[in-house]
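Colleague: Below you'll find the structure I mean.
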Amino acid sequence: MLQLRDADESGPAGGPGSPGSPGAATLVPGGAGPPFEPAAPPARQTLRPLSVRTAGRAGRLRQYFVFRPGTIEQAVSEIRVVVLPAEDGEVQSVWLLTEIDHWNNEKERLVLITDWSLLVCKYNFISLQCQHVTRIALSAVDTISVGEFVFPPKSLNKREGVGIRIQWDKQSRASFINRWNPWSTNIPYVTFTEHPMADADEKISSLCRLENFQTQLIQAVKKAHKEGPMPGSANGVLVLERPILIETYLGLMSFINNEAKLGYSMTRGKIGF
């Protein structure tokens with residue numbers, strides 16, 4: 001093995017390898033130094049896949065104000081103030097459902113079944129205030145339809161699932177003007193489906209069961225027809241199992257509303273509405 005020795009370490013002055021020969025060097029046999037060993041390669045590093053967290057059902061549940069501890073209990077307690085005993089009677093049950101309007105928009109609703117009325121309440125679960133109440137006389141209800149949602153063949157925004165439609169005053173369809181007005185409230189029916197998080201919380205799930213709501217509603221309507229029939233109308237209610245038609249075609253407004261859950265009281269970043 002050869003070693004490279006600097007000039008100042010070898011030879012007399014002026015000779016090869018002397019300080020007078022700048023940059024000179026001498027190859028000499030090397031026997032004393034340790035044998036040359038190549039540098040060890042860097043330690044291998046293991047690449048781990050990036051962990052991406054997706055919002056689970058429990059995480060999405062916390063986004064809805066209604067499912068926060070104590071909220072639904074307080075809402076159910078305070079919503080009873082909208083009941084008029086002389087007109088509605090006593091409250092029989094309270095439900096948390098999703099209303100589907102005639103333009104396929106979802107809206108979170110508290111629904112009360114009383115002795116003589118069906119109360120559909122727009123309730124703000126952030127401020128804990130009832131903002132609007134639609135009162136429907138049970139004796140005026142003539143048809144209750146239960147079935148899957150259907151749309152016109154050329155509709156671009158459809159939904160799946162089962163709903164219940166409650167009609168009154170012997171009107172199956174709204175007028176042409178009201179059907180094409182997305183903000184019209186003069187619609188002779190109301191349509192409900194289950195809340196999107198109905199199965200996520202065991203304590204509240206009993207308030208969201210559409211089948212149980214259907215059973216209690218039919219019983220209440222039949223009782224109201226028997227005890228206080230509407231003048232000039234046939235007694236009884238017609239209960240049908242048939243598809244529920246929603247007449248929307250382009251559906252851009254409902255697509256934005258439903259995808260962003262604008263009809264629900266939710267947290268949206270640092271704010272909630």
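We name chains A, B, ... following the order of the structure tokens; residues begin at 1 in each chain, and ligands are numbered from 1 as shown.
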At a cut-off of 12 Å, using only C-alpha atoms, what residues contact stretch 258-262 of chain A? Leave out same-chain residues fewer than 5 positions from it and give the result as a list in words.

Modeller: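 Listing them by chain and then by number gives Arg60, Gln63, Tyr64, Thr98, Glu99, Ile100, Asp101, Trp103, Asn104, Asn105, Glu106, Lys107, Glu108, Asn157, Lys158, Arg159, His195, Pro196, Gly251, Leu252, Met253, Thr267, Arg268, Gly272 and Phe273 of chain A.
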
Colleague: Take the residues from that selection and write them out as a short mmCIF file (atom, residue, chain, number, x, y, z; two decimals), in the first residue's frame, keeping N, CA, C and O atoms.

Modeller:
```cif
data_model
loop_
_atom_site.label_atom_id
_atom_site.label_comp_id
_atom_site.auth_asym_id
_atom_site.auth_seq_id
_atom_site.Cartn_x
_atom_site.Cartn_y
_atom_site.Cartn_z
N ARG A 60 -68.24 14.03 12.22
CA ARG A 60 -69.30 14.76 11.55
C ARG A 60 -70.46 15.05 12.48
O ARG A 60 -71.13 16.07 12.35
N GLN A 63 -70.33 18.29 14.28
CA GLN A 63 -70.53 19.49 13.49
C GLN A 63 -71.97 19.98 13.56
O GLN A 63 -72.25 21.15 13.29
N TYR A 64 -72.88 19.09 13.91
CA TYR A 64 -74.30 19.47 14.02
C TYR A 64 -74.57 19.95 15.44
O TYR A 64 -74.37 19.21 16.41
N THR A 98 -85.86 15.79 8.61
CA THR A 98 -85.41 16.65 7.53
C THR A 98 -86.58 16.88 6.58
O THR A 98 -87.18 15.92 6.09
N GLU A 99 -86.90 18.13 6.36
CA GLU A 99 -87.94 18.48 5.40
C GLU A 99 -87.32 18.61 4.01
O GLU A 99 -86.24 19.18 3.85
N ILE A 100 -88.01 18.08 3.01
CA ILE A 100 -87.59 18.21 1.61
C ILE A 100 -88.62 19.10 0.93
O ILE A 100 -89.78 18.70 0.79
N ASP A 101 -88.21 20.30 0.53
CA ASP A 101 -89.19 21.19 -0.08
C ASP A 101 -89.41 20.83 -1.55
O ASP A 101 -88.82 19.88 -2.08
N TRP A 103 -88.42 22.07 -4.16
CA TRP A 103 -87.24 22.22 -5.01
C TRP A 103 -86.10 21.32 -4.55
O TRP A 103 -84.95 21.54 -4.89
N ASN A 104 -86.42 20.33 -3.74
CA ASN A 104 -85.46 19.31 -3.29
C ASN A 104 -84.42 19.85 -2.32
O ASN A 104 -83.34 19.28 -2.18
N ASN A 105 -84.71 20.95 -1.63
CA ASN A 105 -83.79 21.48 -0.63
C ASN A 105 -84.04 20.82 0.72
O ASN A 105 -85.20 20.66 1.15
N GLU A 106 -82.95 20.43 1.41
CA GLU A 106 -83.07 19.83 2.73
C GLU A 106 -83.10 20.92 3.81
O GLU A 106 -82.34 21.88 3.75
N LYS A 107 -83.97 20.70 4.81
CA LYS A 107 -84.10 21.67 5.90
C LYS A 107 -84.31 20.91 7.21
O LYS A 107 -85.21 20.08 7.32
N GLU A 108 -83.48 21.21 8.18
CA GLU A 108 -83.57 20.57 9.50
C GLU A 108 -84.80 21.12 10.23
O GLU A 108 -84.97 22.34 10.34
N ASN A 157 -80.51 16.40 -10.82
CA ASN A 157 -80.16 16.34 -9.39
C ASN A 157 -81.19 15.49 -8.67
O ASN A 157 -82.30 15.96 -8.38
N LYS A 158 -80.84 14.25 -8.39
CA LYS A 158 -81.77 13.31 -7.78
C LYS A 158 -81.27 12.90 -6.41
O LYS A 158 -80.11 13.12 -6.05
N ARG A 159 -82.15 12.30 -5.65
CA ARG A 159 -81.80 11.78 -4.34
C ARG A 159 -82.37 10.38 -4.19
O ARG A 159 -83.36 10.01 -4.84
N HIS A 195 -83.32 12.41 9.36
CA HIS A 195 -82.14 13.28 9.52
C HIS A 195 -80.91 12.50 9.07
O HIS A 195 -80.80 11.30 9.30
N PRO A 196 -79.95 13.16 8.38
CA PRO A 196 -78.78 12.42 7.86
C PRO A 196 -77.95 11.75 8.93
O PRO A 196 -77.20 10.81 8.64
N GLY A 251 -81.84 21.68 -10.86
CA GLY A 251 -81.54 21.44 -9.45
C GLY A 251 -80.22 22.01 -8.98
O GLY A 251 -79.63 21.50 -8.02
N LEU A 252 -79.72 23.08 -9.61
CA LEU A 252 -78.44 23.66 -9.20
C LEU A 252 -78.52 24.23 -7.79
O LEU A 252 -77.61 24.04 -6.97
N MET A 253 -79.61 24.92 -7.49
CA MET A 253 -79.77 25.52 -6.17
C MET A 253 -79.79 24.47 -5.07
O MET A 253 -79.10 24.59 -4.06
N THR A 267 -71.38 23.79 12.39
CA THR A 267 -70.16 24.57 12.42
C THR A 267 -69.55 24.59 11.03
O THR A 267 -69.49 23.55 10.35
N ARG A 268 -69.11 25.75 10.60
CA ARG A 268 -68.51 25.89 9.27
C ARG A 268 -67.22 26.68 9.44
O ARG A 268 -67.22 27.90 9.39
N GLY A 272 -70.53 29.34 12.84
CA GLY A 272 -71.60 28.37 12.75
C GLY A 272 -72.89 29.05 12.34
O GLY A 272 -73.20 30.14 12.80
N PHE A 273 -73.62 28.39 11.43
CA PHE A 273 -74.92 28.91 11.03
C PHE A 273 -75.71 27.78 10.39
O PHE A 273 -75.20 26.74 10.08
#
```

Colleague: Output as a ChimeraX atom specification all residues of stretch 33-250 of chain A that backbone DSSP marks as strand (DSSP E or B).

Modeller: /A:64,91-100,106-114,117-124,129-137,141-150,162-168,189-194,238-241,244-245

Colleague: Record the distance separating atom CA of A:Arg68 and atom CA of A:Tyr264, expressed in Å with one decimal.

Modeller: 13.6 Å

Colleague: Ranking A:Ser155, A:Asn178, A:Ser127, A:Ser117 by minimum distance to A:Ser93 and counting only C-alpha atoms, which one comes first?

Modeller: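 Closest candidate: A:Ser117.
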
Colleague: How many Å lie between atom CA of A:Arg135 and atom CA of A:Val83, rounded to one decimal?

Modeller: 9.6 Å

Colleague: List every residue of stretch 210-244 of chain A that DSSP, applied to the backbone of this structure, assigns to alpha helix (DSSP H), and report them as a ChimeraX atom specification.

Modeller: /A:210-227

Colleague: Now that the selection is made, can you save its residues with N, CA, C and O atoms as a CSV table (one decimal), in the first residue's frame?

Modeller:
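File produced: selection-v8.csv:
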```
chain,number,residue,atom,x,y,z
A,210,LEU,N,-88.3,7.6,11.1
A,210,LEU,CA,-89.4,8.0,10.2
A,210,LEU,C,-90.5,7.0,10.3
A,210,LEU,O,-91.7,7.5,10.2
A,211,GLU,N,-90.2,5.8,10.5
A,211,GLU,CA,-91.3,4.8,10.6
A,211,GLU,C,-92.1,5.0,11.8
A,211,GLU,O,-93.4,4.9,11.8
A,212,ASN,N,-91.5,5.3,13.0
A,212,ASN,CA,-92.2,5.6,14.2
A,212,ASN,C,-93.1,6.9,14.0
A,212,ASN,O,-94.2,7.0,14.5
A,213,PHE,N,-92.5,7.9,13.4
A,213,PHE,CA,-93.2,9.1,13.1
A,213,PHE,C,-94.5,8.8,12.3
A,213,PHE,O,-95.6,9.4,12.6
A,214,GLN,N,-94.3,8.0,11.3
A,214,GLN,CA,-95.4,7.7,10.4
A,214,GLN,C,-96.5,7.0,11.2
A,214,GLN,O,-97.7,7.4,11.0
A,215,THR,N,-96.2,6.1,12.1
A,215,THR,CA,-97.2,5.4,12.8
A,215,THR,C,-98.0,6.3,13.8
A,215,THR,O,-99.2,6.3,13.8
A,216,GLN,N,-97.3,7.2,14.5
A,216,GLN,CA,-98.0,8.1,15.4
A,216,GLN,C,-98.8,9.1,14.7
A,216,GLN,O,-99.8,9.5,15.1
A,217,LEU,N,-98.3,9.6,13.5
A,217,LEU,CA,-99.0,10.6,12.7
A,217,LEU,C,-100.3,10.0,12.2
A,217,LEU,O,-101.4,10.7,12.3
A,218,ILE,N,-100.3,8.8,11.7
A,218,ILE,CA,-101.5,8.2,11.2
A,218,ILE,C,-102.5,8.0,12.3
A,218,ILE,O,-103.7,8.3,12.1
A,219,GLN,N,-102.1,7.6,13.4
A,219,GLN,CA,-103.0,7.4,14.6
A,219,GLN,C,-103.6,8.8,15.0
A,219,GLN,O,-104.8,8.9,15.2
A,220,ALA,N,-102.8,9.8,15.0
A,220,ALA,CA,-103.2,11.2,15.4
A,220,ALA,C,-104.2,11.7,14.4
A,220,ALA,O,-105.2,12.3,14.8
A,221,VAL,N,-104.0,11.5,13.1
A,221,VAL,CA,-104.8,12.0,12.1
A,221,VAL,C,-106.2,11.3,12.1
A,221,VAL,O,-107.3,12.0,12.0
A,222,LYS,N,-106.2,10.0,12.3
A,222,LYS,CA,-107.4,9.3,12.3
A,222,LYS,C,-108.3,9.7,13.5
A,222,LYS,O,-109.5,9.8,13.4
A,223,LYS,N,-107.6,9.9,14.7
A,223,LYS,CA,-108.3,10.4,15.9
A,223,LYS,C,-108.9,11.7,15.6
A,223,LYS,O,-110.0,12.0,16.0
A,224,ALA,N,-108.1,12.7,15.0
A,224,ALA,CA,-108.6,14.0,14.8
A,224,ALA,C,-109.8,14.0,13.8
A,224,ALA,O,-110.8,14.8,14.0
A,225,HIS,N,-109.8,13.1,12.8
A,225,HIS,CA,-110.9,13.0,11.9
A,225,HIS,C,-112.2,12.5,12.6
A,225,HIS,O,-113.3,12.9,12.3
A,226,LYS,N,-112.0,11.6,13.5
A,226,LYS,CA,-113.1,11.0,14.2
A,226,LYS,C,-113.7,12.0,15.2
A,226,LYS,O,-115.0,12.1,15.3
A,227,GLU,N,-112.9,12.8,15.9
A,227,GLU,CA,-113.4,13.6,17.0
A,227,GLU,C,-113.8,15.0,16.4
A,227,GLU,O,-114.7,15.6,17.0
```

Colleague: Could you list, as a list in words, every residue within 7 Å of stretch 238-249 of chain A, counting only C-alpha atoms and ignoring same-chain residues fewer than 6 positions away?

Modeller: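 My list of contacting residues is His102, Trp103, Asn104, Asp142, Thr143, Ile144, Ser145, Val146, Gly147, Glu148, Phe149, Val150, Phe151, Pro152, Lys154, Ser155, Leu156 and Asn157 of chain A.
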
Colleague: Quote the spacing between atom CA of A:Trp168 and atom CA of A:Val82 in Å to one decimal place.

Modeller: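 These atoms are spaced 21.6 Å apart.
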
Colleague: What's around A:Ala200 at 10 Å? Count only C-alpha atoms, leave out sequence neighbours fewer than 3 positions away in its own chain, and write the answer as a PyMOL selection string.

Modeller: chain A and resi 57-58+60-61+67+196-197+203-205

Colleague: Fewer than 6 positions away in the same chain doesn't count, so skip those; otherwise give me all residues within 7 Å of A:Leu207, counting only C-alpha atoms, as a list in words.

Modeller: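 Result of the neighbour search: Val94, Trp95 and Leu96 of chain A.
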
Colleague: Leaving out A:Leu97 and any residue of its chain fewer than 5 positions from it, which residues lie within 6 Å of it when counting only C-alpha atoms, given as a ChimeraX atom specification?

Modeller: /A:109,194-195,208

Colleague: Mind checking which residues fall within 7 Å of A:Ile136, counting only C-alpha atoms, ignoring those fewer than 2 positions away in the same chain, and posting them as a list in words?

Modeller: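 So the residues in contact are Ser117, Leu118, Leu119, Thr134 and Leu138 of chain A.
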